[in-house]
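Heads up, query18.json below (JSON, C-alpha atoms):
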```json
[["chain", "number", "residue", "atom", "x", "y", "z"],
["A", 271, "MET", "CA", 16.16, -13.71, 5.61],
["A", 272, "ARG", "CA", 13.95, -11.84, 8.06],
["A", 273, "THR", "CA", 14.66, -12.45, 11.75],
["A", 274, "LEU", "CA", 11.80, -12.10, 14.18],
["A", 275, "PRO", "CA", 12.15, -11.69, 17.94],
["A", 276, "LEU", "CA", 10.73, -14.53, 19.98],
["A", 277, "LEU", "CA", 8.50, -13.79, 22.92],
["A", 278, "ILE", "CA", 10.60, -15.00, 25.84],
["A", 279, "GLY", "CA", 9.07, -17.22, 28.50],
["A", 280, "SER", "CA", 7.85, -20.76, 28.76],
["A", 281, "LEU", "CA", 4.40, -22.13, 29.51],
["A", 282, "LEU", "CA", 3.23, -25.68, 30.05],
["A", 283, "LEU", "CA", -0.22, -25.85, 28.45],
["A", 284, "ALA", "CA", -2.92, -28.30, 29.46],
["A", 285, "GLY", "CA", -4.47, -30.50, 26.81],
["A", 286, "ALA", "CA", -1.31, -31.23, 24.83],
["A", 287, "SER", "CA", -1.88, -33.91, 22.21],
["A", 288, "THR", "CA", 1.22, -35.93, 22.98],
["A", 289, "ALA", "CA", 3.93, -33.81, 24.54],
["A", 290, "SER", "CA", 4.32, -30.20, 25.60],
["A", 291, "HIS", "CA", 8.10, -29.94, 25.59],
["A", 292, "ALA", "CA", 10.81, -31.73, 23.67],
["A", 293, "SER", "CA", 13.58, -33.53, 25.46],
["A", 294, "CYS", "CA", 16.86, -31.74, 26.13],
["A", 295, "THR", "CA", 18.65, -34.66, 24.50],
["A", 296, "HIS", "CA", 16.19, -35.78, 21.79],
["A", 297, "LEU", "CA", 13.98, -34.19, 19.12],
["A", 298, "ASP", "CA", 10.26, -34.89, 18.65],
["A", 299, "SER", "CA", 11.26, -37.46, 16.03],
["A", 300, "GLY", "CA", 13.21, -39.42, 18.64],
["A", 301, "LYS", "CA", 16.53, -38.61, 17.01],
["A", 302, "VAL", "CA", 19.39, -37.47, 19.22],
["A", 303, "ARG", "CA", 19.45, -33.68, 19.41],
["A", 304, "PRO", "CA", 22.45, -32.38, 17.45],
["A", 305, "ALA", "CA", 24.78, -29.86, 19.06],
["A", 306, "SER", "CA", 23.84, -27.41, 16.29],
["A", 307, "MET", "CA", 20.20, -27.39, 17.49],
["A", 308, "PRO", "CA", 20.14, -26.74, 21.25],
["A", 309, "SER", "CA", 16.76, -26.53, 22.97],
["A", 310, "LEU", "CA", 15.41, -23.08, 23.85],
["A", 311, "SER", "CA", 13.82, -24.44, 27.03],
["A", 312, "THR", "CA", 15.14, -22.92, 30.25],
["A", 313, "THR", "CA", 15.19, -26.42, 31.78],
["A", 314, "CYS", "CA", 17.70, -27.32, 29.06],
["A", 315, "GLY", "CA", 19.82, -24.22, 29.63],
["A", 316, "GLY", "CA", 18.23, -22.17, 26.84],
["A", 317, "PRO", "CA", 16.90, -18.59, 26.91],
["A", 318, "GLY", "CA", 13.26, -19.69, 27.10],
["A", 319, "GLU", "CA", 10.55, -20.70, 24.66],
["A", 320, "ALA", "CA", 8.00, -18.34, 23.17],
["A", 321, "GLY", "CA", 4.77, -18.29, 25.12],
["A", 322, "PRO", "CA", 1.29, -17.51, 23.82],
["A", 323, "GLY", "CA", 1.28, -14.10, 22.19],
["A", 324, "THR", "CA", 1.26, -12.03, 19.00],
["A", 325, "VAL", "CA", 4.19, -10.89, 16.88],
["A", 326, "ALA", "CA", 3.70, -7.99, 14.48],
["A", 327, "VAL", "CA", 5.39, -8.71, 11.16],
["A", 328, "GLU", "CA", 6.17, -6.11, 8.54],
["A", 329, "GLY", "CA", 4.36, -6.96, 5.31],
["A", 330, "VAL", "CA", 6.97, -7.27, 2.58],
["A", 331, "GLY", "CA", 6.07, -8.29, -0.97],
["A", 332, "ASN", "CA", 2.73, -9.94, -0.11],
["A", 333, "ALA", "CA", 4.40, -12.41, 2.24],
["A", 334, "LEU", "CA", 4.11, -13.38, 5.91],
["A", 335, "THR", "CA", 7.10, -15.04, 7.58],
["A", 336, "THR", "CA", 7.01, -16.65, 11.01],
["A", 337, "LEU", "CA", 10.67, -17.42, 11.77],
["A", 338, "PHE", "CA", 13.61, -19.55, 10.66],
["A", 339, "ALA", "CA", 15.11, -20.38, 14.06],
["A", 340, "SER", "CA", 14.54, -24.08, 14.66],
["A", 341, "ASP", "CA", 15.17, -26.09, 17.80],
["A", 342, "ASN", "CA", 13.10, -29.16, 16.93],
["A", 343, "SER", "CA", 12.02, -31.31, 13.98],
["A", 344, "PHE", "CA", 9.83, -34.13, 12.73],
["A", 345, "ALA", "CA", 7.48, -34.49, 9.76],
["A", 346, "GLY", "CA", 4.83, -31.76, 9.84],
["A", 347, "ASN", "CA", 3.17, -28.69, 11.31],
["A", 348, "THR", "CA", -0.34, -27.30, 11.66],
["A", 349, "PHE", "CA", -1.40, -23.67, 11.87],
["A", 350, "ASP", "CA", -4.32, -21.34, 11.08],
["A", 351, "LEU", "CA", -4.60, -18.53, 8.54],
["A", 352, "VAL", "CA", -7.04, -15.60, 8.76],
["A", 353, "ALA", "CA", -7.02, -12.90, 6.06],
["A", 354, "THR", "CA", -8.30, -9.34, 6.40],
["A", 355, "VAL", "CA", -8.53, -8.78, 2.62],
["A", 356, "PRO", "CA", -9.54, -11.14, -0.22],
["A", 357, "MET", "CA", -6.43, -13.04, -1.29],
["A", 358, "GLN", "CA", -5.09, -16.17, -2.93],
["A", 359, "ILE", "CA", -2.22, -18.23, -1.52],
["A", 360, "THR", "CA", 0.44, -18.55, -4.23],
["A", 361, "SER", "CA", 3.28, -20.52, -2.58],
["A", 362, "PHE", "CA", 5.17, -21.29, 0.64],
["A", 363, "ASP", "CA", 8.67, -21.53, 2.07],
["A", 364, "VAL", "CA", 9.54, -24.23, 4.61],
["A", 365, "ASN", "CA", 12.55, -25.01, 6.81],
["A", 366, "LEU", "CA", 14.36, -28.26, 5.96],
["A", 367, "ASP", "CA", 17.75, -29.62, 6.96],
["A", 368, "THR", "CA", 20.14, -31.65, 4.76],
["A", 369, "PRO", "CA", 20.89, -29.02, 2.08],
["A", 370, "GLY", "CA", 20.66, -30.22, -1.52],
["A", 371, "SER", "CA", 18.38, -33.15, -0.76],
["A", 372, "VAL", "CA", 15.36, -33.55, -3.05],
["A", 373, "GLU", "CA", 12.15, -34.05, -1.06],
["A", 374, "THR", "CA", 8.34, -34.09, -1.37],
["A", 375, "ILE", "CA", 6.04, -31.72, 0.50],
["A", 376, "ALA", "CA", 2.24, -31.97, 0.71],
["A", 377, "ILE", "CA", 0.02, -29.17, 2.02],
["A", 378, "TYR", "CA", -3.57, -29.67, 3.21],
["A", 379, "TRP", "CA", -6.24, -27.13, 4.15],
["A", 380, "ARG", "CA", -9.62, -27.16, 5.86],
["A", 381, "ASP", "CA", -12.47, -24.79, 6.66],
["A", 382, "GLY", "CA", -12.10, -23.91, 10.32],
["A", 383, "THR", "CA", -9.22, -24.20, 12.73],
["A", 384, "ALA", "CA", -6.52, -26.85, 12.52],
["A", 385, "ASN", "CA", -6.37, -26.98, 16.31],
["A", 386, "GLY", "CA", -8.16, -30.13, 17.40],
["A", 387, "ALA", "CA", -8.28, -31.55, 13.86],
["A", 388, "GLN", "CA", -4.59, -32.40, 13.55],
["A", 389, "ASP", "CA", -5.11, -36.14, 14.22],
["A", 390, "ASN", "CA", -8.06, -36.78, 11.91],
["A", 391, "PRO", "CA", -7.98, -36.54, 8.07],
["A", 392, "ALA", "CA", -11.74, -35.86, 7.91],
["A", 393, "GLY", "CA", -12.47, -32.39, 6.60],
["A", 394, "TRP", "CA", -9.00, -31.83, 5.17],
["A", 395, "ASN", "CA", -8.39, -31.11, 1.46],
["A", 396, "LEU", "CA", -5.15, -31.53, -0.45],
["A", 397, "MET", "CA", -3.93, -28.15, -1.73],
["A", 398, "GLY", "CA", -1.09, -29.85, -3.61],
["A", 399, "THR", "CA", 2.21, -31.68, -3.53],
["A", 400, "ALA", "CA", 5.58, -30.45, -4.75],
["A", 401, "THR", "CA", 9.14, -31.67, -5.18],
["A", 402, "VAL", "CA", 11.61, -29.32, -3.48],
["A", 403, "THR", "CA", 15.37, -29.02, -3.05],
["A", 404, "SER", "CA", 16.36, -28.28, 0.54],
["A", 405, "ALA", "CA", 18.18, -25.00, 1.13],
["A", 406, "GLY", "CA", 19.45, -26.26, 4.48],
["A", 407, "ALA", "CA", 18.60, -25.54, 8.10],
["A", 408, "ASN", "CA", 17.07, -22.13, 8.85],
["A", 409, "ASN", "CA", 17.05, -21.11, 5.19],
["A", 410, "PRO", "CA", 13.82, -20.76, 3.15],
["A", 411, "THR", "CA", 13.11, -23.75, 0.87],
["A", 412, "PRO", "CA", 10.52, -22.71, -1.78],
["A", 413, "VAL", "CA", 7.41, -24.87, -2.16],
["A", 414, "ALA", "CA", 5.37, -24.26, -5.33],
["A", 415, "ILE", "CA", 1.94, -25.04, -3.87],
["A", 416, "GLY", "CA", -0.92, -22.54, -3.86],
["A", 417, "GLY", "CA", -4.28, -21.65, -5.35],
["A", 418, "LEU", "CA", -6.31, -21.43, -2.13],
["A", 419, "ASN", "CA", -8.58, -18.35, -1.98],
["A", 420, "LEU", "CA", -9.04, -16.84, 1.49],
["A", 421, "VAL", "CA", -12.24, -15.01, 2.41],
["A", 422, "PRO", "CA", -11.65, -12.19, 4.92],
["A", 423, "GLY", "CA", -12.47, -13.18, 8.50],
["A", 424, "GLN", "CA", -12.70, -16.91, 7.72],
["A", 425, "THR", "CA", -10.33, -19.29, 9.56],
["A", 426, "TYR", "CA", -8.46, -21.83, 7.43],
["A", 427, "GLY", "CA", -6.48, -24.67, 8.96],
["A", 428, "ILE", "CA", -3.22, -25.59, 7.21],
["A", 429, "TYR", "CA", -1.20, -28.81, 7.55],
["A", 430, "VAL", "CA", 2.30, -28.93, 6.03],
["A", 431, "ASP", "CA", 3.44, -32.56, 5.69],
["A", 432, "PHE", "CA", 6.98, -33.70, 4.88],
["A", 433, "GLN", "CA", 6.03, -36.72, 2.77],
["A", 434, "SER", "CA", 9.64, -37.86, 2.33],
["A", 435, "TYR", "CA", 9.81, -38.87, 5.99],
["A", 436, "PRO", "CA", 11.06, -41.37, 7.15],
["A", 437, "THR", "CA", 12.95, -42.63, 4.08],
["A", 438, "SER", "CA", 14.82, -39.34, 3.77],
["A", 439, "ALA", "CA", 17.70, -38.24, 5.98],
["A", 440, "ALA", "CA", 16.09, -34.79, 6.11],
["A", 441, "SER", "CA", 13.39, -33.47, 8.47],
["A", 442, "LEU", "CA", 10.95, -30.57, 8.65],
["A", 443, "LEU", "CA", 12.38, -28.05, 11.13],
["A", 444, "TYR", "CA", 10.29, -26.00, 13.57],
["A", 445, "THR", "CA", 10.52, -24.28, 16.95],
["A", 446, "ASN", "CA", 9.21, -25.14, 20.41],
["A", 447, "GLY", "CA", 6.73, -22.77, 22.08],
["A", 448, "GLY", "CA", 3.57, -20.89, 21.27],
["A", 449, "PRO", "CA", 0.83, -20.77, 20.25],
["A", 450, "THR", "CA", 2.10, -17.62, 18.55],
["A", 451, "THR", "CA", 0.16, -15.42, 16.14],
["A", 452, "PHE", "CA", 2.30, -13.75, 13.47],
["A", 453, "SER", "CA", 0.40, -10.92, 11.80],
["A", 454, "ASN", "CA", 0.78, -8.18, 9.20],
["A", 455, "GLY", "CA", -1.94, -5.91, 7.88],
["A", 456, "ASP", "CA", -3.29, -8.54, 5.49],
["A", 457, "LEU", "CA", -2.86, -11.94, 7.11],
["A", 458, "SER", "CA", -2.53, -13.61, 10.52],
["A", 459, "LEU", "CA", -0.95, -17.02, 11.14],
["A", 460, "THR", "CA", -1.36, -18.87, 14.46],
["A", 461, "THR", "CA", 0.96, -21.80, 15.16],
["A", 462, "TYR", "CA", -0.20, -25.02, 16.83],
["A", 463, "HIS", "CA", 1.29, -28.51, 16.44],
["A", 464, "GLY", "CA", 4.36, -30.36, 15.34],
["A", 465, "LYS", "CA", 3.39, -33.61, 13.62],
["A", 466, "GLY", "CA", 4.99, -37.00, 13.19],
["A", 467, "ASP", "CA", 4.67, -39.62, 10.48],
["A", 468, "PRO", "CA", 2.38, -40.73, 8.87],
["A", 469, "ALA", "CA", 0.29, -37.64, 8.18],
["A", 470, "PHE", "CA", -2.62, -37.08, 10.59],
["A", 471, "THR", "CA", -2.25, -40.40, 12.43],
["A", 472, "GLY", "CA", 1.34, -39.81, 13.54],
["A", 473, "PRO", "CA", 2.04, -38.31, 16.99],
["A", 474, "SER", "CA", 1.29, -34.65, 17.72],
["A", 475, "PHE", "CA", 3.39, -32.24, 19.77],
["A", 476, "PHE", "CA", 2.09, -28.99, 21.29],
["A", 477, "PRO", "CA", 2.94, -26.15, 21.29],
["A", 478, "ARG", "CA", 5.19, -25.92, 18.24],
["A", 479, "GLN", "CA", 5.86, -23.00, 15.89],
["A", 480, "TRP", "CA", 5.95, -23.56, 12.13],
["A", 481, "ASN", "CA", 9.03, -22.11, 10.43],
["A", 482, "GLY", "CA", 8.15, -20.67, 7.04],
["A", 483, "THR", "CA", 6.63, -18.05, 4.76],
["A", 484, "VAL", "CA", 3.18, -17.79, 3.18],
["A", 485, "TYR", "CA", 3.10, -15.91, -0.14],
["A", 486, "TYR", "CA", -0.16, -14.45, -1.43],
["A", 487, "THR", "CA", -1.70, -12.03, -3.88],
["A", 488, "ALA", "CA", -4.68, -9.75, -3.36],
["A", 489, "VAL", "CA", -7.85, -10.76, -5.19],
["A", 490, "ASN", "CA", -10.01, -7.95, -6.63],
["A", 491, "ASP", "CA", -13.71, -8.58, -6.08],
["A", 492, "ALA", "CA", -14.60, -6.52, -9.15],
["A", 493, "VAL", "CA", -14.66, -8.47, -12.41],
["A", 494, "PRO", "CA", -12.82, -6.45, -15.10],
["A", 495, "ALA", "CA", -14.59, -5.85, -18.40],
["A", 496, "PRO", "CA", -13.18, -8.05, -21.15],
["A", 497, "ALA", "CA", -10.83, -6.31, -23.54],
["A", 498, "MET", "CA", -12.04, -5.97, -27.13],
["A", 499, "ASN", "CA", -9.72, -6.28, -30.11],
["A", 500, "PRO", "CA", -9.80, -3.66, -32.91],
["A", 501, "MET", "CA", -11.91, -5.82, -35.28],
["A", 502, "GLY", "CA", -14.44, -6.32, -32.51],
["A", 503, "MET", "CA", -14.65, -2.57, -31.98],
["A", 504, "ILE", "CA", -15.23, -2.02, -35.73],
["A", 505, "LEU", "CA", -18.00, -4.61, -35.84],
["A", 506, "LEU", "CA", -19.60, -3.13, -32.73],
["A", 507, "GLY", "CA", -19.53, 0.33, -34.32],
["A", 508, "LEU", "CA", -21.14, -0.98, -37.51],
["A", 509, "ALA", "CA", -23.83, -2.76, -35.52],
["A", 510, "LEU", "CA", -24.65, 0.36, -33.49],
["A", 511, "GLY", "CA", -24.73, 2.43, -36.69],
["A", 512, "MET", "CA", -27.15, -0.03, -38.30],
["A", 513, "VAL", "CA", -29.40, 0.09, -35.24],
["A", 514, "GLY", "CA", -29.42, 3.89, -35.42],
["A", 515, "PHE", "CA", -30.18, 3.88, -39.14],
["A", 516, "VAL", "CA", -33.12, 1.49, -38.72],
["A", 517, "THR", "CA", -34.47, 3.56, -35.85],
["A", 518, "LEU", "CA", -34.35, 6.73, -37.92],
["A", 519, "ARG", "CA", -36.10, 5.05, -40.92],
["A", 520, "ARG", "CA", -38.92, 3.88, -38.67],
["A", 521, "ALA", "CA", -39.31, 7.33, -37.18],
["A", 522, "ALA", "CA", -39.52, 9.00, -40.64]]
```
As structure tokens, how would this structure be written, given the file I've shared?
Amino acid sequence: MRTLPLLIGSLLLAGASTASHASCTHLDSGKVRPASMPSLSTTCGGPGEAGPGTVAVEGVGNALTTLFASDNSFAGNTFDLVATVPMQITSFDVNLDTPGSVETIAIYWRDGTANGAQDNPAGWNLMGTATVTSAGANNPTPVAIGGLNLVPGQTYGIYVDFQSYPTSAASLLYTNGGPTTFSNGDLSLTTYHGKGDPAFTGPSFFPRQWNGTVYYTAVNDAVPAPAMNPMGMILLGLALGMVGFVTLRRAA
């Protein structure tokens, strides 16, 4: 698991959707904050939440990881992706508690930023849904959802929704603070909101940092020539020979 340093410092941002800071005693979901998940807020005795800024992330294996260091939870997160090279999203990791629980994740995308569109389903497209088995708090839980092609320089909003909420005992874990941009040479990810249930119409919490990994593969703009089997090569040779023979006969 890759550990990323948080930018220390807290900032109360204007224009928060619902709340800017979680309670010292309760999570965004309203559940009592467990002793294993103390708040980072200095007002709660923590070291401080990450403020707006950029974190450089080493690109490893065509993947971009934000962090797995949660101090809050509910049912979703929104963030933006901007690629610098043509690529296709292949899968994700998320941060879930209750290890071993079997849950359902849905991921949505939109053209343009997620910021400001987190409370309205208009313009969002379903990338896919997947059944996952939680790896437990602050461990990557794989999510087999992908297929979205990213055009360099274009902003794509992403919404990760924990569809199992509220019937499950588990929650989607994330971190207070931000907005933070995590960036490697290929991809940048800017965090925005924590989301409640149901998707889109549930409460929003800002700023919140998504905990997870985006996996991708580079897409070559050039279209490779189709491979030809041996029989095809023989037939092509015969056809070219026949064309040459006819040409010579006509020239004689």
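Taking atom CA of A:Asp298 and atom CA of A:Gly370 as the two end points, the separation is 23.2 Å.
The coordinates place atom CA of A:Val430 at 28.9 Å from atom CA of A:Thr313.
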Around (18.6, -25.6, 28.8), as given in the file, which residues come within 12 Å? Count all atoms listed in the file and list them as a ChimeraX atom specification. /A:280,291-295,307-319,341
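Counting only C-alpha atoms, the residue from A:Asn446, A:Pro369, A:Gln358, A:Ala333 that sits nearest to A:Thr487 is A:Gln358.
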Identify, on the basis of all atoms listed in the file, every residue whose closest approach to stretch 379-388 of chain A does not exceed 12 Å; exclude the query and any residue fewer than 5 positions from it along the same chain; express the result as JSON, numbers by chain. {"A": [285, 286, 287, 288, 346, 347, 348, 349, 350, 351, 352, 359, 393, 394, 395, 396, 397, 398, 415, 416, 417, 418, 419, 420, 421, 423, 424, 425, 426, 427, 428, 429, 430, 431, 449, 459, 460, 461, 462, 463, 464, 465, 466, 468, 469, 470, 471, 472, 473, 474, 475, 476, 477, 478]}
Six-sided padding of 8 Å per side, axis-aligned box over stretch 352-370 of chain A, centre and edges in Å, one decimal, as lines of an AutoDock Vina configuration file:
```
center_x = 5.7
center_y = -20.2
center_z = 2.3
size_x = 46.4
size_y = 38.9
size_z = 29.0
```
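Compared by their closest atoms to A:Val355, and using only C-alpha atoms, the residues A:Asn408, A:Asn332, A:Thr324, A:Ser306 rank with A:Asn332 nearest.
For the choices A:Tyr486, A:Tyr378, A:Phe432, A:Phe344, the atom-to-atom distance to A:Ser404 is smallest for A:Phe432 when using only C-alpha atoms.
The interatomic distance for the pair atom CA of A:Asp363 and atom CA of A:Ser299 works out to 21.3 Å.
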Select all residues near (19.5, -32.7, -1.4) (cut-off 12 Å, inclusive, file coordinates), counting all atoms listed in the file, and output them as a ChimeraX atom specification. /A:366-374,401-407,411,434,438-441
Once you have the residues from the selection above, write them out as a PDB file, in the coordinates of the input, restricted to C-alpha atoms.
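Contents of the output file out18.pdb:
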```
ATOM      1  CA  LEU A 366      14.360 -28.260   5.960  1.00  0.00           C
ATOM      2  CA  ASP A 367      17.750 -29.620   6.960  1.00  0.00           C
ATOM      3  CA  THR A 368      20.140 -31.650   4.760  1.00  0.00           C
ATOM      4  CA  PRO A 369      20.890 -29.020   2.080  1.00  0.00           C
ATOM      5  CA  GLY A 370      20.660 -30.220  -1.520  1.00  0.00           C
ATOM      6  CA  SER A 371      18.380 -33.150  -0.760  1.00  0.00           C
ATOM      7  CA  VAL A 372      15.360 -33.550  -3.050  1.00  0.00           C
ATOM      8  CA  GLU A 373      12.150 -34.050  -1.060  1.00  0.00           C
ATOM      9  CA  THR A 374       8.340 -34.090  -1.370  1.00  0.00           C
ATOM     10  CA  THR A 401       9.140 -31.670  -5.180  1.00  0.00           C
ATOM     11  CA  VAL A 402      11.610 -29.320  -3.480  1.00  0.00           C
ATOM     12  CA  THR A 403      15.370 -29.020  -3.050  1.00  0.00           C
ATOM     13  CA  SER A 404      16.360 -28.280   0.540  1.00  0.00           C
ATOM     14  CA  ALA A 405      18.180 -25.000   1.130  1.00  0.00           C
ATOM     15  CA  GLY A 406      19.450 -26.260   4.480  1.00  0.00           C
ATOM     16  CA  ALA A 407      18.600 -25.540   8.100  1.00  0.00           C
ATOM     17  CA  THR A 411      13.110 -23.750   0.870  1.00  0.00           C
ATOM     18  CA  SER A 434       9.640 -37.860   2.330  1.00  0.00           C
ATOM     19  CA  SER A 438      14.820 -39.340   3.770  1.00  0.00           C
ATOM     20  CA  ALA A 439      17.700 -38.240   5.980  1.00  0.00           C
ATOM     21  CA  ALA A 440      16.090 -34.790   6.110  1.00  0.00           C
ATOM     22  CA  SER A 441      13.390 -33.470   8.470  1.00  0.00           C
TER      23      SER A 441
END
```
Which is closer to A:Gln479 than all the others in A:Gly329, A:Gly455, A:Pro422, A:Gly447, using only C-alpha atoms? A:Gly447
